[in-house]
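S.K.: Have a peek at upload_37.cif (mmCIF, C-alpha atoms).
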data_query
loop_
_atom_site.label_atom_id
_atom_site.label_comp_id
_atom_site.auth_asym_id
_atom_site.auth_seq_id
_atom_site.Cartn_x
_atom_site.Cartn_y
_atom_site.Cartn_z
CA MET A 1 -67.57 -20.98 -12.71
CA ALA A 2 -65.95 -17.64 -11.83
CA ALA A 3 -68.11 -15.03 -10.14
CA PRO A 4 -69.24 -11.93 -12.03
CA ILE A 5 -67.18 -8.79 -11.48
CA PRO A 6 -68.87 -6.19 -9.23
CA ILE A 7 -70.11 -3.07 -10.99
CA ASN A 8 -67.96 -0.88 -8.74
CA GLU A 9 -64.85 -3.09 -9.08
CA PRO A 10 -62.32 -0.27 -9.83
CA LEU A 11 -63.44 1.72 -6.78
CA ARG A 12 -63.63 -1.42 -4.63
CA LEU A 13 -60.09 -2.44 -5.54
CA GLN A 14 -58.84 1.11 -4.97
CA ALA A 15 -60.40 1.08 -1.47
CA LEU A 16 -58.72 -2.26 -0.73
CA LEU A 17 -55.30 -1.11 -1.92
CA GLU A 18 -55.53 2.18 0.00
CA LEU A 19 -55.86 0.20 3.23
CA ASP A 20 -52.40 -1.26 2.54
CA ILE A 21 -53.47 -4.51 4.22
CA LEU A 22 -52.63 -7.15 1.62
CA ASP A 23 -49.63 -9.40 2.40
CA THR A 24 -49.22 -7.95 5.89
CA PRO A 25 -48.49 -9.96 9.07
CA PRO A 26 -51.32 -11.57 11.07
CA CYS A 27 -53.49 -9.27 13.19
CA PRO A 28 -54.26 -10.66 16.67
CA ARG A 29 -57.66 -8.95 16.85
CA LEU A 30 -58.80 -10.37 13.50
CA GLN A 31 -57.37 -13.75 14.41
CA SER A 32 -59.44 -13.68 17.60
CA LEU A 33 -62.56 -12.91 15.56
CA VAL A 34 -62.15 -15.92 13.26
CA GLN A 35 -61.45 -18.12 16.27
CA ILE A 36 -64.73 -16.93 17.78
CA ALA A 37 -66.53 -17.55 14.47
CA ALA A 38 -65.19 -21.09 14.20
CA ARG A 39 -66.13 -21.98 17.77
CA VAL A 40 -69.51 -20.24 17.98
CA LEU A 41 -70.68 -21.51 14.60
CA GLY A 42 -69.11 -24.95 15.01
CA ALA A 43 -67.06 -24.78 11.80
CA PRO A 44 -63.56 -26.23 11.28
CA VAL A 45 -62.51 -23.33 9.04
CA ALA A 46 -63.01 -19.58 9.52
CA LEU A 47 -61.37 -16.81 7.50
CA VAL A 48 -61.10 -13.09 6.94
CA SER A 49 -60.81 -13.21 3.16
CA LEU A 50 -59.93 -10.17 1.03
CA ILE A 51 -60.71 -10.25 -2.70
CA ASP A 52 -57.85 -8.84 -4.77
CA SER A 53 -57.89 -8.45 -8.56
CA ASP A 54 -56.89 -12.05 -9.23
CA ARG A 55 -56.85 -13.83 -5.86
CA GLN A 56 -58.45 -14.07 -2.45
CA TRP A 57 -55.94 -13.51 0.36
CA PHE A 58 -56.52 -14.50 3.97
CA LYS A 59 -55.73 -11.85 6.58
CA ALA A 60 -56.89 -14.20 9.37
CA ASN A 61 -57.14 -17.96 9.11
CA VAL A 62 -58.27 -20.84 11.29
CA GLY A 63 -58.21 -24.39 9.95
CA LEU A 64 -57.09 -23.86 6.34
CA ASP A 65 -53.57 -24.68 5.19
CA ALA A 66 -53.30 -21.90 2.61
CA ALA A 67 -52.54 -18.18 2.53
CA GLU A 68 -54.52 -17.44 -0.63
CA THR A 69 -56.39 -19.01 -3.56
CA CYS A 70 -57.22 -18.05 -7.12
CA ARG A 71 -60.12 -15.58 -7.28
CA ASP A 72 -61.88 -17.78 -9.86
CA TYR A 73 -62.34 -20.44 -7.15
CA ALA A 74 -63.37 -18.06 -4.37
CA PHE A 75 -66.85 -18.43 -2.90
CA CYS A 76 -66.19 -15.02 -1.34
CA ALA A 77 -66.06 -13.50 -4.85
CA TYR A 78 -69.79 -14.26 -5.02
CA ALA A 79 -70.42 -13.03 -1.47
CA ILE A 80 -69.09 -9.52 -2.23
CA LEU A 81 -71.78 -9.12 -4.90
CA GLN A 82 -74.47 -8.71 -2.24
CA SER A 83 -75.07 -6.91 1.04
CA GLU A 84 -76.46 -9.90 2.95
CA PRO A 85 -74.50 -13.04 3.93
CA LEU A 86 -74.08 -15.72 1.27
CA ILE A 87 -75.14 -19.12 2.61
CA VAL A 88 -74.35 -22.27 0.60
CA GLU A 89 -75.65 -25.33 2.44
CA ASP A 90 -74.27 -27.93 -0.02
CA ALA A 91 -71.86 -26.68 -2.67
CA SER A 92 -71.98 -29.99 -4.56
CA LEU A 93 -75.64 -29.29 -5.38
CA ASP A 94 -75.15 -25.62 -6.31
CA PRO A 95 -74.50 -25.08 -10.05
CA ARG A 96 -72.21 -22.14 -9.25
CA PHE A 97 -69.85 -24.31 -7.21
CA ALA A 98 -70.41 -27.99 -8.05
CA ALA A 99 -67.41 -28.12 -10.44
CA ASN A 100 -65.21 -25.86 -8.30
CA PRO A 101 -61.81 -27.48 -7.53
CA LEU A 102 -62.27 -26.54 -3.86
CA VAL A 103 -65.40 -28.73 -3.89
CA THR A 104 -64.27 -31.61 -6.10
CA SER A 105 -60.86 -31.90 -4.40
CA ALA A 106 -59.21 -30.85 -1.13
CA PRO A 107 -60.48 -29.21 1.01
CA PHE A 108 -63.78 -30.74 -0.32
CA MET A 109 -65.94 -27.78 0.68
CA ARG A 110 -69.65 -28.36 1.12
CA PHE A 111 -70.94 -25.69 3.48
CA TYR A 112 -70.04 -22.00 3.18
CA ALA A 113 -71.35 -18.92 4.99
CA GLY A 114 -69.76 -15.54 4.34
CA ALA A 115 -70.76 -12.05 5.52
CA PRO A 116 -69.41 -9.17 3.39
CA LEU A 117 -66.81 -6.88 4.91
CA THR A 118 -68.51 -3.61 3.97
CA THR A 119 -66.51 -0.44 4.66
CA THR A 120 -68.01 2.80 5.91
CA LYS A 121 -67.92 4.00 2.29
CA GLY A 122 -69.90 0.98 1.09
CA HIS A 123 -67.18 -1.13 -0.54
CA ASN A 124 -67.19 -4.92 -0.01
CA LEU A 125 -63.53 -5.80 0.54
CA GLY A 126 -64.12 -9.50 1.15
CA THR A 127 -65.84 -11.58 3.80
CA LEU A 128 -65.63 -13.08 7.21
CA CYS A 129 -66.64 -16.64 6.42
CA VAL A 130 -66.91 -20.14 7.86
CA ILE A 131 -66.49 -23.40 5.92
CA ASP A 132 -67.30 -27.05 6.57
CA GLN A 133 -66.78 -30.32 4.69
CA LYS A 134 -70.30 -31.43 5.62
CA PRO A 135 -73.57 -29.99 4.27
CA ARG A 136 -75.34 -27.98 6.96
CA SER A 137 -77.28 -24.80 7.68
CA LEU A 138 -77.25 -21.87 10.10
CA THR A 139 -80.01 -20.57 12.33
CA SER A 140 -81.08 -16.94 11.95
CA GLU A 141 -79.31 -16.20 15.25
CA GLN A 142 -76.07 -17.71 13.93
CA VAL A 143 -76.31 -15.65 10.74
CA SER A 144 -76.73 -12.55 12.91
CA THR A 145 -73.63 -13.52 14.89
CA LEU A 146 -71.66 -13.90 11.64
CA GLN A 147 -72.75 -10.42 10.56
CA MET A 148 -71.73 -8.91 13.91
CA LEU A 149 -68.29 -10.51 13.65
CA ALA A 150 -67.90 -9.19 10.09
CA SER A 151 -68.82 -5.70 11.33
CA LEU A 152 -66.19 -5.97 14.07
CA ALA A 153 -63.62 -7.08 11.48
CA VAL A 154 -64.31 -3.99 9.34
CA GLN A 155 -64.05 -1.72 12.39
CA THR A 156 -60.71 -3.34 13.24
CA ILE A 157 -59.33 -2.98 9.71
CA GLU A 158 -60.37 0.65 9.34
CA THR A 159 -59.12 1.54 12.81
CA GLN A 160 -55.70 0.06 12.04
CA GLU A 161 -55.56 2.00 8.77
CA ARG A 162 -56.26 5.25 10.63
CA LEU A 163 -53.58 4.45 13.21
CA ASP A 164 -51.02 3.70 10.49
CA HIS A 165 -51.90 6.96 8.74
CA ALA A 166 -51.49 8.86 12.00
CA GLU A 167 -48.08 7.28 12.64
CA ALA A 168 -46.92 8.38 9.20
CA ARG A 169 -48.03 11.93 9.90
CA VAL A 170 -46.42 11.95 13.35
CA SER A 171 -43.12 11.15 11.61
CA GLN A 172 -43.24 14.68 10.18
CA ARG A 173 -43.83 16.33 13.56
CA SER A 174 -40.37 17.85 13.72
CA GLN A 175 -41.14 19.77 10.50
CA VAL A 176 -44.79 20.59 11.20
CA ASP A 177 -46.07 22.15 14.40
CA GLY A 178 -49.49 23.75 14.86
CA PRO A 179 -51.47 22.21 11.96
CA LEU A 180 -50.43 18.66 12.88
CA THR A 181 -51.33 19.19 16.52
CA ALA A 182 -54.85 20.22 15.52
CA SER A 183 -55.22 17.30 13.10
CA LEU A 184 -54.04 14.79 15.70
CA SER A 185 -56.62 16.07 18.14
CA SER A 186 -59.31 15.76 15.46
CA PHE A 187 -58.06 12.28 14.60
CA GLY A 188 -58.28 11.25 18.24
CA HIS A 189 -61.88 12.34 18.58
CA GLU A 190 -62.79 10.63 15.29
CA MET A 191 -61.25 7.35 16.44
CA ARG A 192 -63.24 7.17 19.65
CA THR A 193 -66.51 6.35 17.86
CA PRO A 194 -65.42 3.17 15.99
CA LEU A 195 -63.50 1.96 19.03
CA ASN A 196 -66.55 2.38 21.22
CA HIS A 197 -68.46 0.37 18.61
CA ILE A 198 -65.91 -2.44 18.87
CA ILE A 199 -66.16 -2.46 22.66
CA GLY A 200 -69.95 -2.27 22.50
CA PHE A 201 -70.21 -5.16 20.04
CA ALA A 202 -67.93 -7.29 22.21
CA ASP A 203 -70.12 -6.61 25.24
CA LEU A 204 -73.26 -7.34 23.20
CA MET A 205 -71.90 -10.66 21.96
CA LYS A 206 -71.01 -11.70 25.51
CA LEU A 207 -74.67 -11.27 26.42
CA THR A 208 -75.64 -13.81 23.73
CA LEU A 209 -73.41 -16.52 25.23
CA PRO A 210 -74.70 -19.14 27.66
CA PRO A 211 -73.93 -18.61 31.38
CA GLU A 212 -70.33 -19.02 32.53
CA GLY A 213 -69.09 -22.59 32.43
CA GLU A 214 -71.57 -23.99 29.91
CA GLY A 215 -70.00 -25.72 26.91
CA LYS A 216 -67.54 -23.61 24.93
CA ALA A 217 -68.92 -20.34 26.27
CA SER A 218 -66.00 -19.68 28.60
CA ARG A 219 -63.51 -19.82 25.71
CA HIS A 220 -65.65 -17.49 23.58
CA ARG A 221 -65.97 -15.14 26.54
CA GLU A 222 -62.17 -15.07 26.80
CA TYR A 223 -61.80 -14.05 23.14
CA LEU A 224 -64.38 -11.29 23.55
CA ASP A 225 -62.54 -10.05 26.64
CA ILE A 226 -59.36 -9.79 24.54
CA ILE A 227 -61.20 -7.74 21.91
CA ARG A 228 -62.67 -5.47 24.57
CA GLN A 229 -59.32 -4.98 26.33
CA SER A 230 -57.61 -4.15 23.02
CA GLY A 231 -60.28 -1.58 22.23
CA ALA A 232 -60.02 -0.06 25.69
CA HIS A 233 -56.24 0.15 25.29
CA LEU A 234 -56.58 2.02 21.99
CA LEU A 235 -59.00 4.44 23.63
CA GLY A 236 -56.38 5.08 26.29
CA LEU A 237 -53.78 5.78 23.60
CA ILE A 238 -56.11 8.25 21.91
CA ASP A 239 -56.78 10.04 25.19
CA ASN A 240 -53.01 10.37 25.66
CA VAL A 241 -52.68 11.82 22.13
CA ILE A 242 -55.40 14.38 22.83
CA ARG A 243 -53.82 15.32 26.18
CA SER A 244 -50.35 15.58 24.63
CA ASP A 245 -51.65 18.20 22.18
CA ARG A 246 -51.88 20.56 25.14
CA THR A 247 -48.98 19.38 27.32
CA THR A 248 -45.55 17.80 27.17
CA LEU A 249 -45.32 14.01 26.89
CA GLU A 250 -44.31 13.73 30.55
CA ASP A 251 -47.28 15.82 31.73
CA SER A 252 -49.73 13.87 29.56
CA LEU A 253 -48.96 10.56 31.30
CA GLN A 254 -50.51 9.37 34.54
CA ALA A 255 -48.42 8.54 37.62
CA VAL A 256 -50.29 5.73 39.36
CA HIS A 257 -49.40 2.38 40.84
CA VAL A 258 -49.58 -0.38 38.23
CA ASP A 259 -49.49 -4.13 38.87
CA VAL A 260 -46.97 -5.21 36.22
CA ASN A 261 -47.72 -8.94 36.54
CA ALA A 262 -51.44 -8.37 35.92
CA ALA A 263 -50.87 -5.87 33.12
CA LEU A 264 -48.40 -8.07 31.26
CA ALA A 265 -50.57 -11.18 31.67
CA GLU A 266 -53.38 -9.42 29.76
CA VAL A 267 -51.02 -8.21 27.03
CA VAL A 268 -49.50 -11.67 26.53
CA ARG A 269 -52.97 -13.23 26.38
CA SER A 270 -54.00 -10.81 23.62
CA PHE A 271 -51.26 -12.22 21.36
CA THR A 272 -52.70 -15.76 21.36
CA GLY A 273 -53.95 -15.53 17.78
CA THR A 274 -50.79 -13.86 16.45
CA VAL A 275 -48.33 -16.46 17.71
CA GLU A 276 -50.60 -19.38 16.82
CA ALA A 277 -50.70 -18.15 13.22
CA LYS A 278 -46.87 -18.42 13.04
CA GLN A 279 -46.57 -21.57 15.17
CA GLN A 280 -44.56 -19.53 17.69
CA SER A 281 -44.48 -20.09 21.44
CA LEU A 282 -45.10 -17.16 23.80
CA ARG A 283 -44.32 -17.74 27.48
CA PHE A 284 -45.05 -15.38 30.37
CA LEU A 285 -42.88 -15.56 33.49
CA PRO A 286 -44.32 -13.24 36.17
CA ASP A 287 -42.36 -12.06 39.16
CA ALA A 288 -42.90 -14.29 42.18
CA GLY A 289 -43.35 -11.30 44.45
CA ARG A 290 -45.16 -8.00 44.34
CA ALA A 291 -44.25 -6.08 41.16
CA ILE A 292 -45.85 -2.64 41.45
CA VAL A 293 -44.42 0.30 39.50
CA LEU A 294 -45.21 3.97 39.35
CA GLY A 295 -46.25 4.87 35.83
CA ASP A 296 -48.93 5.20 33.20
CA PRO A 297 -50.88 1.92 32.61
CA THR A 298 -51.62 2.70 28.96
CA ALA A 299 -47.99 3.60 28.25
CA LEU A 300 -46.78 0.39 29.94
CA ARG A 301 -49.20 -1.64 27.86
CA GLN A 302 -48.12 0.19 24.69
CA ILE A 303 -44.45 -0.59 25.37
CA ALA A 304 -45.17 -4.29 25.99
CA ILE A 305 -47.41 -4.61 22.92
CA ASN A 306 -44.77 -3.02 20.69
CA LEU A 307 -41.94 -5.22 21.96
CA ILE A 308 -43.93 -8.48 21.71
CA ALA A 309 -45.36 -7.54 18.31
CA ASN A 310 -41.86 -6.83 16.96
CA ALA A 311 -40.51 -10.11 18.33
CA SER A 312 -43.32 -12.10 16.68
CA LYS A 313 -43.28 -10.07 13.48
CA TYR A 314 -39.56 -10.32 12.74
CA CYS A 315 -38.92 -13.84 14.06
CA PRO A 316 -39.48 -16.87 11.82
CA ASN A 317 -42.24 -19.42 12.23
CA GLY A 318 -41.65 -21.67 15.22
CA ALA A 319 -39.64 -19.10 17.19
CA SER A 320 -39.87 -18.77 20.98
CA ILE A 321 -40.64 -15.54 22.83
CA ASP A 322 -40.34 -15.11 26.59
CA VAL A 323 -41.84 -12.21 28.55
CA SER A 324 -40.55 -12.00 32.12
CA VAL A 325 -41.02 -9.68 35.10
CA TYR A 326 -38.37 -9.54 37.84
CA GLN A 327 -36.69 -7.32 40.42
CA ALA A 328 -33.50 -5.57 39.31
CA ALA A 329 -30.36 -6.80 41.06
CA VAL A 330 -29.31 -3.23 41.87
CA GLY A 331 -31.64 -0.36 42.73
CA SER A 332 -35.36 -0.29 43.40
CA ARG A 333 -36.43 -1.18 39.89
CA ILE A 334 -38.89 -3.59 38.31
CA CYS A 335 -37.72 -5.08 35.02
CA VAL A 336 -39.76 -6.34 32.08
CA ALA A 337 -37.78 -8.38 29.55
CA VAL A 338 -38.97 -9.53 26.12
CA GLU A 339 -36.55 -12.04 24.63
CA ASP A 340 -36.71 -14.05 21.40
CA ASN A 341 -34.51 -16.70 19.82
CA GLY A 342 -34.64 -15.16 16.36
CA PRO A 343 -31.74 -13.99 14.18
CA GLY A 344 -30.73 -11.18 16.56
CA LEU A 345 -28.96 -7.94 15.68
CA PRO A 346 -25.31 -6.80 15.65
CA GLU A 347 -24.22 -4.67 18.60
CA ASP A 348 -23.88 -1.47 16.55
CA VAL A 349 -27.47 -1.84 15.30
CA ARG A 350 -28.79 -2.60 18.81
CA GLU A 351 -27.24 0.61 20.09
CA GLU A 352 -29.09 2.64 17.46
CA LEU A 353 -32.51 1.12 18.15
CA GLY A 354 -34.94 3.61 19.62
CA ARG A 355 -33.78 6.53 17.49
CA PRO A 356 -36.40 7.83 15.04
CA PHE A 357 -36.46 6.16 11.61
CA VAL A 358 -33.89 3.53 12.65
CA ARG A 359 -35.04 -0.03 11.87
CA GLY A 360 -33.29 -3.25 12.75
CA ALA A 361 -31.44 -5.07 9.99
CA LYS A 362 -33.72 -8.08 10.30
CA ALA A 363 -36.72 -5.81 9.75
CA CYS A 364 -35.29 -4.56 6.49
CA VAL A 365 -34.28 -8.04 5.35
CA SER A 366 -37.71 -9.47 6.16
CA GLY A 367 -39.40 -6.83 4.03
CA GLU A 368 -41.79 -5.83 6.83
CA ASP A 369 -43.27 -2.36 6.50
CA GLY A 370 -42.61 0.30 9.12
CA PHE A 371 -41.34 3.80 9.73
CA GLY A 372 -38.90 2.94 12.51
CA LEU A 373 -40.97 5.04 14.90
CA GLY A 374 -42.46 2.38 17.17
CA LEU A 375 -39.31 1.78 19.21
CA HIS A 376 -38.55 5.50 19.30
CA ILE A 377 -42.00 6.22 20.74
CA ILE A 378 -41.85 3.55 23.43
CA LYS A 379 -38.30 4.53 24.38
CA ARG A 380 -39.57 8.08 24.94
CA LEU A 381 -42.49 6.69 26.96
CA SER A 382 -40.13 4.71 29.20
CA GLU A 383 -37.99 7.79 29.81
CA ALA A 384 -41.10 9.92 30.48
CA MET A 385 -41.95 7.43 33.26
CA ARG A 386 -38.40 7.88 34.69
CA GLY A 387 -37.40 4.49 33.37
CA SER A 388 -35.17 3.09 30.64
CA LEU A 389 -35.39 0.73 27.66
CA ASP A 390 -32.29 -1.08 26.46
CA PHE A 391 -31.55 -3.79 23.88
CA GLU A 392 -28.99 -6.55 24.23
CA GLU A 393 -28.13 -9.95 22.82
CA GLY A 394 -30.42 -12.73 24.03
CA SER A 395 -29.24 -15.89 25.76
CA GLU A 396 -29.83 -17.89 22.55
CA GLY A 397 -28.47 -15.27 20.17
CA GLY A 398 -31.75 -13.44 19.57
CA LEU A 399 -32.76 -9.99 20.78
CA ARG A 400 -33.56 -9.11 24.40
CA ALA A 401 -35.34 -5.85 25.26
CA VAL A 402 -35.27 -4.78 28.93
CA LEU A 403 -37.60 -2.13 30.33
CA GLN A 404 -36.78 -0.82 33.82
CA LEU A 405 -39.28 1.21 35.84
CA LEU A 406 -39.19 2.65 39.35
CA ALA A 407 -40.74 0.37 41.98
CA ALA A 408 -43.75 2.19 43.41
CA ASP A 409 -43.03 1.40 47.05
CA GLN A 410 -39.78 3.36 46.75
CA GLU A 411 -41.47 6.53 45.57
CA ALA A 412 -42.17 9.15 48.21
CA GLY A 413 -45.58 10.70 48.28
CA TYR A 414 -47.51 7.48 47.71
CA ALA A 415 -48.87 5.55 50.65
CA ALA A 416 -51.00 2.49 49.88
CA PRO A 417 -50.93 1.43 46.24
CA VAL A 418 -53.87 2.24 44.04
CA VAL A 419 -53.34 -0.40 41.37
CA ALA A 420 -54.48 0.59 37.89
CA LYS A 421 -56.53 -1.98 36.02
CA LEU A 422 -55.92 -2.03 32.28
#
Would you write the structure of this file as structure tokens?

M.R.:
Amino acid sequence: MAAPIPINEPLRLQALLELDILDTPPCPRLQSLVQIAARVLGAPVALVSLIDSDRQWFKANVGLDAAETCRDYAFCAYAILQSEPLIVEDASLDPRFAANPLVTSAPFMRFYAGAPLTTTKGHNLGTLCVIDQKPRSLTSEQVSTLQMLASLAVQTIETQERLDHAEARVSQRSQVDGPLTASLSSFGHEMRTPLNHIIGFADLMKLTLPPEGEGKASRHREYLDIIRQSGAHLLGLIDNVIRSDRTTLEDSLQAVHVDVNAALAEVVRSFTGTVEAKQQSLRFLPDAGRAIVLGDPTALRQIAINLIANASKYCPNGASIDVSVYQAAVGSRICVAVEDNGPGLPEDVREELGRPFVRGAKACVSGEDGFGLGLHIIKRLSEAMRGSLDFEEGSEGGLRAVLQLLAADQEAGYAAPVVAKL
């Protein structure tokens, strides 16, 4: 039996479409949230499900071998009708779901718990839900945890939408001067509140976990650390945007000693959910020695995130991505290389990468959205830190991006390193 249509369905669907989130690549932060939900609530399946006009589509997915289902079968279509979580302890005994094909055949759903993803404007886009093949129930504390995770998911979705909108507006910066500068500053201040909420919720959820080392708590703590670090990184980006309104890009960046091995280890760890969703392998090869550079920790993290995200996004399922840190053969430079074994790019296209609005051929063929600004921005960041970013053919025919930065111990004016923690 299909769920009734919400009274505000036209406005709800408009809000969903304006987010431009449907049929987009996996989001590591949302993937981390469903992994936490599955582990904390002891469920084999956890989803971020978005209810479209005729389907439910999964933006994040743990344990279910499907990207979407018909809306008529969606339990989440019932969940968006209310403000509180929908709990179905045994679907085979519920007249709304007993004849549902998802109950009578694979995946043989019995238990369902879904908390609505309610936007700041009050629209229920879908749910963050958990599913089991066995009848069961949740404690009031577990229901509260589900609601907190759903709130974090909404904050993540709306934050990403604001960032995408800002990137589109930045693409017009060469034509617009003063008004855009003011709006970017306003945007930065507006973004700080939801990001602080995300960080605060992550800290709050860590307090609800058992002490370190008990059961699965250490794994959950790791996921929450990833969420917190991602939020802190975005706050750093916003601070840079606000500073750059008043200064040049070079003047807006910090010049501190950064431990590249430690910084890159955190970035690589944050992509766990993204690569798992595409059955890709992501390997980190740190430098065996001391890899300290002079630069801005947020900018370094931004460059690494962009390069790894592009490699995962444009490579097929099952691809391999290596992130390595090493000393340059010539000169006092530390190198960071991100290499994939994907389809690669012709030499003439590689040489154009990093220019504004230039996208790789494989990006266009894959149909992935983008303005071609990401690589341009990080190339400018590398140059602002007196470094370089180049693209070459990988050892297995894919693409290899190499960032070179000045080793800190070669820079005059700095005595003992003060290593920035990201």

S.K.: Residues of range 52-96 of chain A that approach range 21-39 of chain A to 9 Å or less, counting all atoms listed in the file: could you list each one with the shortest pair of atoms and its distance in Å to one decimal, rows by chain and increasing residue number, as JSON lines?

M.R.:
{"residue": "A:Asp52", "atom": "CA", "partner": "A:Leu22", "partner_atom": "CA", "distance": 8.4}
{"residue": "A:Trp57", "atom": "CA", "partner": "A:Leu22", "partner_atom": "CA", "distance": 7.3}
{"residue": "A:Phe58", "atom": "CA", "partner": "A:Leu22", "partner_atom": "CA", "distance": 8.6}
{"residue": "A:Lys59", "atom": "CA", "partner": "A:Pro26", "partner_atom": "CA", "distance": 6.3}
{"residue": "A:Ala60", "atom": "CA", "partner": "A:Gln31", "partner_atom": "CA", "distance": 5.1}
{"residue": "A:Asn61", "atom": "CA", "partner": "A:Gln31", "partner_atom": "CA", "distance": 6.8}
{"residue": "A:Val62", "atom": "CA", "partner": "A:Gln35", "partner_atom": "CA", "distance": 6.5}
{"residue": "A:Gly63", "atom": "CA", "partner": "A:Ala38", "partner_atom": "CA", "distance": 8.8}

S.K.: In Å to one decimal, how far is CA of Ile131 in chain A from CA of Arg12 in chain A?

M.R.: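 One can read the CA of Arg12 in chain A to CA of Ile131 in chain A distance as 24.5 Å.
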
S.K.: Quick check, in Å to one decimal: how far apart do CA of Ile157 in chain A and CA of Ala115 in chain A lie?

M.R.: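 These two atoms are separated by 15.2 Å.
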
S.K.: Tell me which protein, DNA and RNA residues are within 9 Å of Ala91 in chain A, counting all atoms listed in the file, leaving out same-chain ones fewer than 2 positions away, and put them as a PyMOL selection string.

M.R.: chain A and resi 88-89+93-98+100+103+109-112+135

S.K.: Check the smallest atom-to-atom distance from each of A:Leu138, A:Glu339, A:Leu50, A:Asp72 to Leu86 in chain A using all atoms listed in the file, then report the winner.

M.R.: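 Among the listed residues, A:Leu138 lies closest to Leu86 in chain A.
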
S.K.: Name the residues captured by the PyMOL selection byres ((chain A and resi 288-297) around 7) when it is applied to the shown file; answer as an NGL selection string.

M.R.: :A and (253-261 or 286-287 or 298-301 or 334 or 385 or 405-408 or 420 or 422)

S.K.: In terms of the shortest atom-to-atom distance over only C-alpha atoms, which of A:Gly318, A:Pro6, A:Gly387, A:Gly114 is closest to Ile303 in chain A?

M.R.: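 Nearest to Ile303 in chain A: A:Gly387.
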
S.K.: Could you give me, as a ChimeraX atom specification, the residues that have an atom at most 7 Å away from the point (-39.7, -5.5, 36.0) in the coordinates of the file, using only C-alpha atoms?

M.R.: /A:291,325-327,333-336,403-405

S.K.: For C-alpha atoms, I'd like the residues from the last selection saved as a PDB file, keeping the file's coordinate frame.

M.R.:
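Once everything was written out, this is selection.pdb:
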ATOM      1  CA  ALA A 291     -44.250  -6.080  41.160  1.00  0.00           C
ATOM      2  CA  VAL A 325     -41.020  -9.680  35.100  1.00  0.00           C
ATOM      3  CA  TYR A 326     -38.370  -9.540  37.840  1.00  0.00           C
ATOM      4  CA  GLN A 327     -36.690  -7.320  40.420  1.00  0.00           C
ATOM      5  CA  ARG A 333     -36.430  -1.180  39.890  1.00  0.00           C
ATOM      6  CA  ILE A 334     -38.890  -3.590  38.310  1.00  0.00           C
ATOM      7  CA  CYS A 335     -37.720  -5.080  35.020  1.00  0.00           C
ATOM      8  CA  VAL A 336     -39.760  -6.340  32.080  1.00  0.00           C
ATOM      9  CA  LEU A 403     -37.600  -2.130  30.330  1.00  0.00           C
ATOM     10  CA  GLN A 404     -36.780  -0.820  33.820  1.00  0.00           C
ATOM     11  CA  LEU A 405     -39.280   1.210  35.840  1.00  0.00           C
TER      12      LEU A 405
END

S.K.: Figure out the distance between CA of Leu375 in chain A and CA of Pro316 in chain A, please, to one decimal in Å.

M.R.: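 CA of Leu375 in chain A lies 20.1 Å from CA of Pro316 in chain A.
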
S.K.: Skip Ile308 in chain A itself and residues of its chain fewer than 2 positions away, then list as JSON, numbers by chain all residues within 12 Å of it, counting only C-alpha atoms.

M.R.: {"A": [28, 264, 267, 268, 269, 270, 271, 272, 274, 275, 280, 281, 282, 283, 284, 301, 302, 303, 304, 305, 306, 310, 311, 312, 313, 314, 315, 320, 321, 322, 323, 324, 336, 337, 338, 339, 340, 374, 375, 399, 400, 401, 402]}
